[in-house]
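K.L.:
Got a structure for you, written out below as structure tokens; questions coming shortly.
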Amino acid sequence: MQCKINRNAAKYLKSLLEKEDAQGKMIRVLVTHLHGDHAHYDIRLDTPSENDEVVKTDKDIDIILEKDNEWLDGIWIQYFHVPQEELVITNPKKGHHH
């Protein structure tokens, strides 16, 4: 499985991991809703289970993804400051819906 993170998202995710309640946890990306041709994504702090794969990124952040979930393979996590601050997760393999 693959996962890309832009520089701003890496800073944002690292700040989440530095919080006290994040001790021993990692970032999980999950599908919250599936609507036929697109999915909605979210993140949470979690620990991996046997149904997960831990994906190493080029920004030194490991991401937990559910194994064999085609909607998670190839996700791109981006953080934008303009026009508003927001985290955007898309999967270019499935179109750019988020």
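All residue names refer to the structure tokens as shown: chains lettered A, B, ... in order, residues numbered from 1 in each chain, ligands numbered from 1 in order.
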For Thr57 of chain A, work out the shell of residues within 9 Å, counting only C-alpha atoms and skipping chain neighbours fewer than 6 positions away, then give it as a compact mmCIF listing (two decimals) with all heavy atoms, in the first residue's frame.
P.N.:
```txt
# COMPACT_ATOMS: atom_id res chain seq x y z
N GLN A 2 0.34 2.32 -0.52
CA GLN A 2 1.11 3.56 -0.62
C GLN A 2 0.33 4.72 -0.02
O GLN A 2 -0.90 4.73 -0.02
CB GLN A 2 1.40 3.87 -2.08
CG GLN A 2 2.27 2.84 -2.75
CD GLN A 2 2.49 3.18 -4.21
OE1 GLN A 2 1.76 3.94 -4.82
NE2 GLN A 2 3.54 2.60 -4.78
N CYS A 3 1.11 5.70 0.47
CA CYS A 3 0.53 6.91 1.05
C CYS A 3 1.53 8.05 0.87
O CYS A 3 2.71 7.88 1.16
CB CYS A 3 0.26 6.68 2.54
SG CYS A 3 -0.32 8.14 3.42
N LYS A 4 1.04 9.18 0.36
CA LYS A 4 1.88 10.37 0.21
C LYS A 4 1.39 11.44 1.16
O LYS A 4 0.19 11.54 1.44
CB LYS A 4 1.80 10.91 -1.22
CG LYS A 4 2.51 10.07 -2.25
CD LYS A 4 2.32 10.59 -3.65
CE LYS A 4 2.69 12.04 -3.80
NZ LYS A 4 2.60 12.54 -5.16
N ILE A 5 2.32 12.26 1.62
CA ILE A 5 1.99 13.37 2.53
C ILE A 5 2.72 14.61 2.05
O ILE A 5 3.93 14.54 1.79
CB ILE A 5 2.45 13.05 3.97
CG1 ILE A 5 1.79 11.78 4.48
CG2 ILE A 5 2.15 14.21 4.91
CD1 ILE A 5 2.31 11.34 5.84
N ILE A 63 1.89 5.61 8.77
CA ILE A 63 0.44 5.72 8.69
C ILE A 63 -0.17 4.33 8.76
O ILE A 63 0.28 3.41 8.06
CB ILE A 63 0.01 6.40 7.36
CG1 ILE A 63 0.66 7.78 7.19
CG2 ILE A 63 -1.51 6.48 7.26
CD1 ILE A 63 0.21 8.82 8.19
```
K.L.:
I need the residues of chain A that end up classed as helix (DSSP H, G or I) by DSSP on the backbone, written out as number ranges by chain.
P.N.:
A: 7-17, 20-22
K.L.:
Which residues are close to segment 32-41 of chain A, i.e. within 12 Å by only C-alpha atoms, leaving aside same-chain residues fewer than 3 positions away? Reply as a list in words.
P.N.:
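Non-adjacent residues within range: Arg28, Val29, Arg44, Leu65, Asn69, Glu70, Trp71, Leu72, Ile75, Trp76, Ile77, Leu87, Val88, Ile89, Thr90, Asn91, Pro92, Lys93, Lys94, Gly95, His96, His97 and His98 of chain A.
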K.L.:
Those same residues - N, CA, C and O atoms - I'd like them written as a PDB file, in the first residue's frame.
P.N.:
```pdb
ATOM      1  N   ARG A  28      -3.899   7.027  11.956  1.00  0.00           N
ATOM      2  CA  ARG A  28      -4.682   6.097  11.140  1.00  0.00           C
ATOM      3  C   ARG A  28      -5.526   6.910  10.172  1.00  0.00           C
ATOM      4  O   ARG A  28      -6.155   7.891  10.552  1.00  0.00           O
ATOM      5  N   VAL A  29      -5.542   6.495   8.910  1.00  0.00           N
ATOM      6  CA  VAL A  29      -6.470   7.068   7.927  1.00  0.00           C
ATOM      7  C   VAL A  29      -7.538   6.005   7.692  1.00  0.00           C
ATOM      8  O   VAL A  29      -7.228   4.832   7.491  1.00  0.00           O
ATOM      9  N   ARG A  44      -7.338   9.537  12.735  1.00  0.00           N
ATOM     10  CA  ARG A  44      -7.443   9.450  14.185  1.00  0.00           C
ATOM     11  C   ARG A  44      -6.132   8.885  14.723  1.00  0.00           C
ATOM     12  O   ARG A  44      -5.363   8.280  13.978  1.00  0.00           O
ATOM     13  N   LEU A  65      -3.053   1.867   7.814  1.00  0.00           N
ATOM     14  CA  LEU A  65      -4.103   1.687   6.814  1.00  0.00           C
ATOM     15  C   LEU A  65      -4.680   0.283   6.953  1.00  0.00           C
ATOM     16  O   LEU A  65      -3.935  -0.670   7.216  1.00  0.00           O
ATOM     17  N   ASN A  69      -7.829  -2.574   1.650  1.00  0.00           N
ATOM     18  CA  ASN A  69      -8.889  -1.605   1.373  1.00  0.00           C
ATOM     19  C   ASN A  69      -8.432  -0.775   0.175  1.00  0.00           C
ATOM     20  O   ASN A  69      -7.561   0.078   0.299  1.00  0.00           O
ATOM     21  N   GLU A  70      -9.029  -1.047  -0.981  1.00  0.00           N
ATOM     22  CA  GLU A  70      -8.599  -0.396  -2.216  1.00  0.00           C
ATOM     23  C   GLU A  70      -8.751   1.123  -2.164  1.00  0.00           C
ATOM     24  O   GLU A  70      -8.072   1.843  -2.878  1.00  0.00           O
ATOM     25  N   TRP A  71      -9.634   1.647  -1.332  1.00  0.00           N
ATOM     26  CA  TRP A  71      -9.850   3.089  -1.229  1.00  0.00           C
ATOM     27  C   TRP A  71      -8.725   3.772  -0.451  1.00  0.00           C
ATOM     28  O   TRP A  71      -8.553   4.979  -0.537  1.00  0.00           O
ATOM     29  N   LEU A  72      -7.957   2.994   0.322  1.00  0.00           N
ATOM     30  CA  LEU A  72      -6.854   3.571   1.091  1.00  0.00           C
ATOM     31  C   LEU A  72      -5.513   3.470   0.377  1.00  0.00           C
ATOM     32  O   LEU A  72      -4.602   4.258   0.650  1.00  0.00           O
ATOM     33  N   ILE A  75      -3.494   6.837  -1.122  1.00  0.00           N
ATOM     34  CA  ILE A  75      -4.038   8.111  -0.640  1.00  0.00           C
ATOM     35  C   ILE A  75      -2.966   9.188  -0.598  1.00  0.00           C
ATOM     36  O   ILE A  75      -1.770   8.904  -0.509  1.00  0.00           O
ATOM     37  N   TRP A  76      -3.427  10.428  -0.664  1.00  0.00           N
ATOM     38  CA  TRP A  76      -2.560  11.593  -0.599  1.00  0.00           C
ATOM     39  C   TRP A  76      -3.125  12.500   0.486  1.00  0.00           C
ATOM     40  O   TRP A  76      -4.261  12.964   0.391  1.00  0.00           O
ATOM     41  N   ILE A  77      -2.320  12.726   1.516  1.00  0.00           N
ATOM     42  CA  ILE A  77      -2.728  13.575   2.637  1.00  0.00           C
ATOM     43  C   ILE A  77      -2.087  14.944   2.434  1.00  0.00           C
ATOM     44  O   ILE A  77      -0.868  15.052   2.349  1.00  0.00           O
ATOM     45  N   LEU A  87      -7.265  19.908   6.371  1.00  0.00           N
ATOM     46  CA  LEU A  87      -6.605  18.679   5.977  1.00  0.00           C
ATOM     47  C   LEU A  87      -7.453  18.043   4.892  1.00  0.00           C
ATOM     48  O   LEU A  87      -8.662  17.887   5.055  1.00  0.00           O
ATOM     49  N   VAL A  88      -6.828  17.691   3.773  1.00  0.00           N
ATOM     50  CA  VAL A  88      -7.545  17.101   2.648  1.00  0.00           C
ATOM     51  C   VAL A  88      -6.902  15.753   2.334  1.00  0.00           C
ATOM     52  O   VAL A  88      -5.692  15.668   2.131  1.00  0.00           O
ATOM     53  N   ILE A  89      -7.732  14.713   2.294  1.00  0.00           N
ATOM     54  CA  ILE A  89      -7.255  13.376   1.958  1.00  0.00           C
ATOM     55  C   ILE A  89      -7.975  12.932   0.692  1.00  0.00           C
ATOM     56  O   ILE A  89      -9.203  12.916   0.645  1.00  0.00           O
ATOM     57  N   THR A  90      -7.200  12.599  -0.323  1.00  0.00           N
ATOM     58  CA  THR A  90      -7.763  12.132  -1.583  1.00  0.00           C
ATOM     59  C   THR A  90      -7.046  10.854  -1.998  1.00  0.00           C
ATOM     60  O   THR A  90      -6.012  10.502  -1.444  1.00  0.00           O
ATOM     61  N   ASN A  91      -7.608  10.187  -2.992  1.00  0.00           N
ATOM     62  CA  ASN A  91      -6.956   9.030  -3.586  1.00  0.00           C
ATOM     63  C   ASN A  91      -6.967   9.225  -5.094  1.00  0.00           C
ATOM     64  O   ASN A  91      -7.976   8.981  -5.749  1.00  0.00           O
ATOM     65  N   PRO A  92      -5.844   9.685  -5.653  1.00  0.00           N
ATOM     66  CA  PRO A  92      -5.778   9.930  -7.096  1.00  0.00           C
ATOM     67  C   PRO A  92      -6.104   8.699  -7.945  1.00  0.00           C
ATOM     68  O   PRO A  92      -6.571   8.834  -9.065  1.00  0.00           O
ATOM     69  N   LYS A  93      -5.898   7.519  -7.396  1.00  0.00           N
ATOM     70  CA  LYS A  93      -6.232   6.284  -8.128  1.00  0.00           C
ATOM     71  C   LYS A  93      -7.750   6.140  -8.285  1.00  0.00           C
ATOM     72  O   LYS A  93      -8.212   5.423  -9.162  1.00  0.00           O
ATOM     73  N   LYS A  94      -8.485   6.797  -7.416  1.00  0.00           N
ATOM     74  CA  LYS A  94      -9.955   6.696  -7.408  1.00  0.00           C
ATOM     75  C   LYS A  94     -10.628   8.005  -7.768  1.00  0.00           C
ATOM     76  O   LYS A  94     -11.799   8.189  -7.503  1.00  0.00           O
ATOM     77  N   GLY A  95      -9.896   8.943  -8.318  1.00  0.00           N
ATOM     78  CA  GLY A  95     -10.421  10.286  -8.562  1.00  0.00           C
ATOM     79  C   GLY A  95      -9.995  11.153  -7.386  1.00  0.00           C
ATOM     80  O   GLY A  95      -9.429  10.663  -6.414  1.00  0.00           O
ATOM     81  N   HIS A  96     -10.230  12.428  -7.447  1.00  0.00           N
ATOM     82  CA  HIS A  96      -9.742  13.317  -6.400  1.00  0.00           C
ATOM     83  C   HIS A  96     -10.804  13.724  -5.395  1.00  0.00           C
ATOM     84  O   HIS A  96     -10.731  14.774  -4.799  1.00  0.00           O
ATOM     85  N   HIS A  97     -11.815  12.896  -5.194  1.00  0.00           N
ATOM     86  CA  HIS A  97     -12.822  13.213  -4.191  1.00  0.00           C
ATOM     87  C   HIS A  97     -12.207  13.104  -2.796  1.00  0.00           C
ATOM     88  O   HIS A  97     -11.291  12.345  -2.585  1.00  0.00           O
ATOM     89  N   HIS A  98     -12.718  13.864  -1.858  1.00  0.00           N
ATOM     90  CA  HIS A  98     -12.252  13.777  -0.465  1.00  0.00           C
ATOM     91  C   HIS A  98     -13.399  13.875   0.507  1.00  0.00           C
ATOM     92  O   HIS A  98     -14.502  14.185   0.152  1.00  0.00           O
TER      93      HIS A  98
END
```
K.L.:
I'd like to know which of A:Ala9, A:Ile27, A:Leu45, A:Leu17 is closest to Glu85 of chain A, using only C-alpha atoms.
P.N.:
A:Ala9
K.L.:
From the DSSP assignment of the backbone, select every residue of segment 63-93 of chain A that is strand (DSSP E or B), and format the answer as a list of chain:residue names.
P.N.:
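Checking each residue of segment 63-93 of chain A, the strand (DSSP E or B) ones are A:Ile63, A:Ile64, A:Leu65, A:Glu66, A:Ile75, A:Trp76, A:Ile77, A:Gln78, A:Tyr79, A:Phe80, A:Glu86, A:Leu87, A:Val88, A:Ile89, A:Thr90, A:Lys93.
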K.L.:
If I take atom CA of Lys14 of chain A and atom CA of Pro48 of chain A, how far is one from the other in Å, to one decimal?
P.N.:
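It comes out at 17.7 Å.
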K.L.:
Ranking A:Ile61, A:Asp46, A:Lys67, A:Gly74 by minimum distance to Ser15 of chain A and counting only C-alpha atoms, which one comes first?
P.N.:
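Using only C-alpha atoms, the shortest distance to Ser15 of chain A belongs to A:Ile61.
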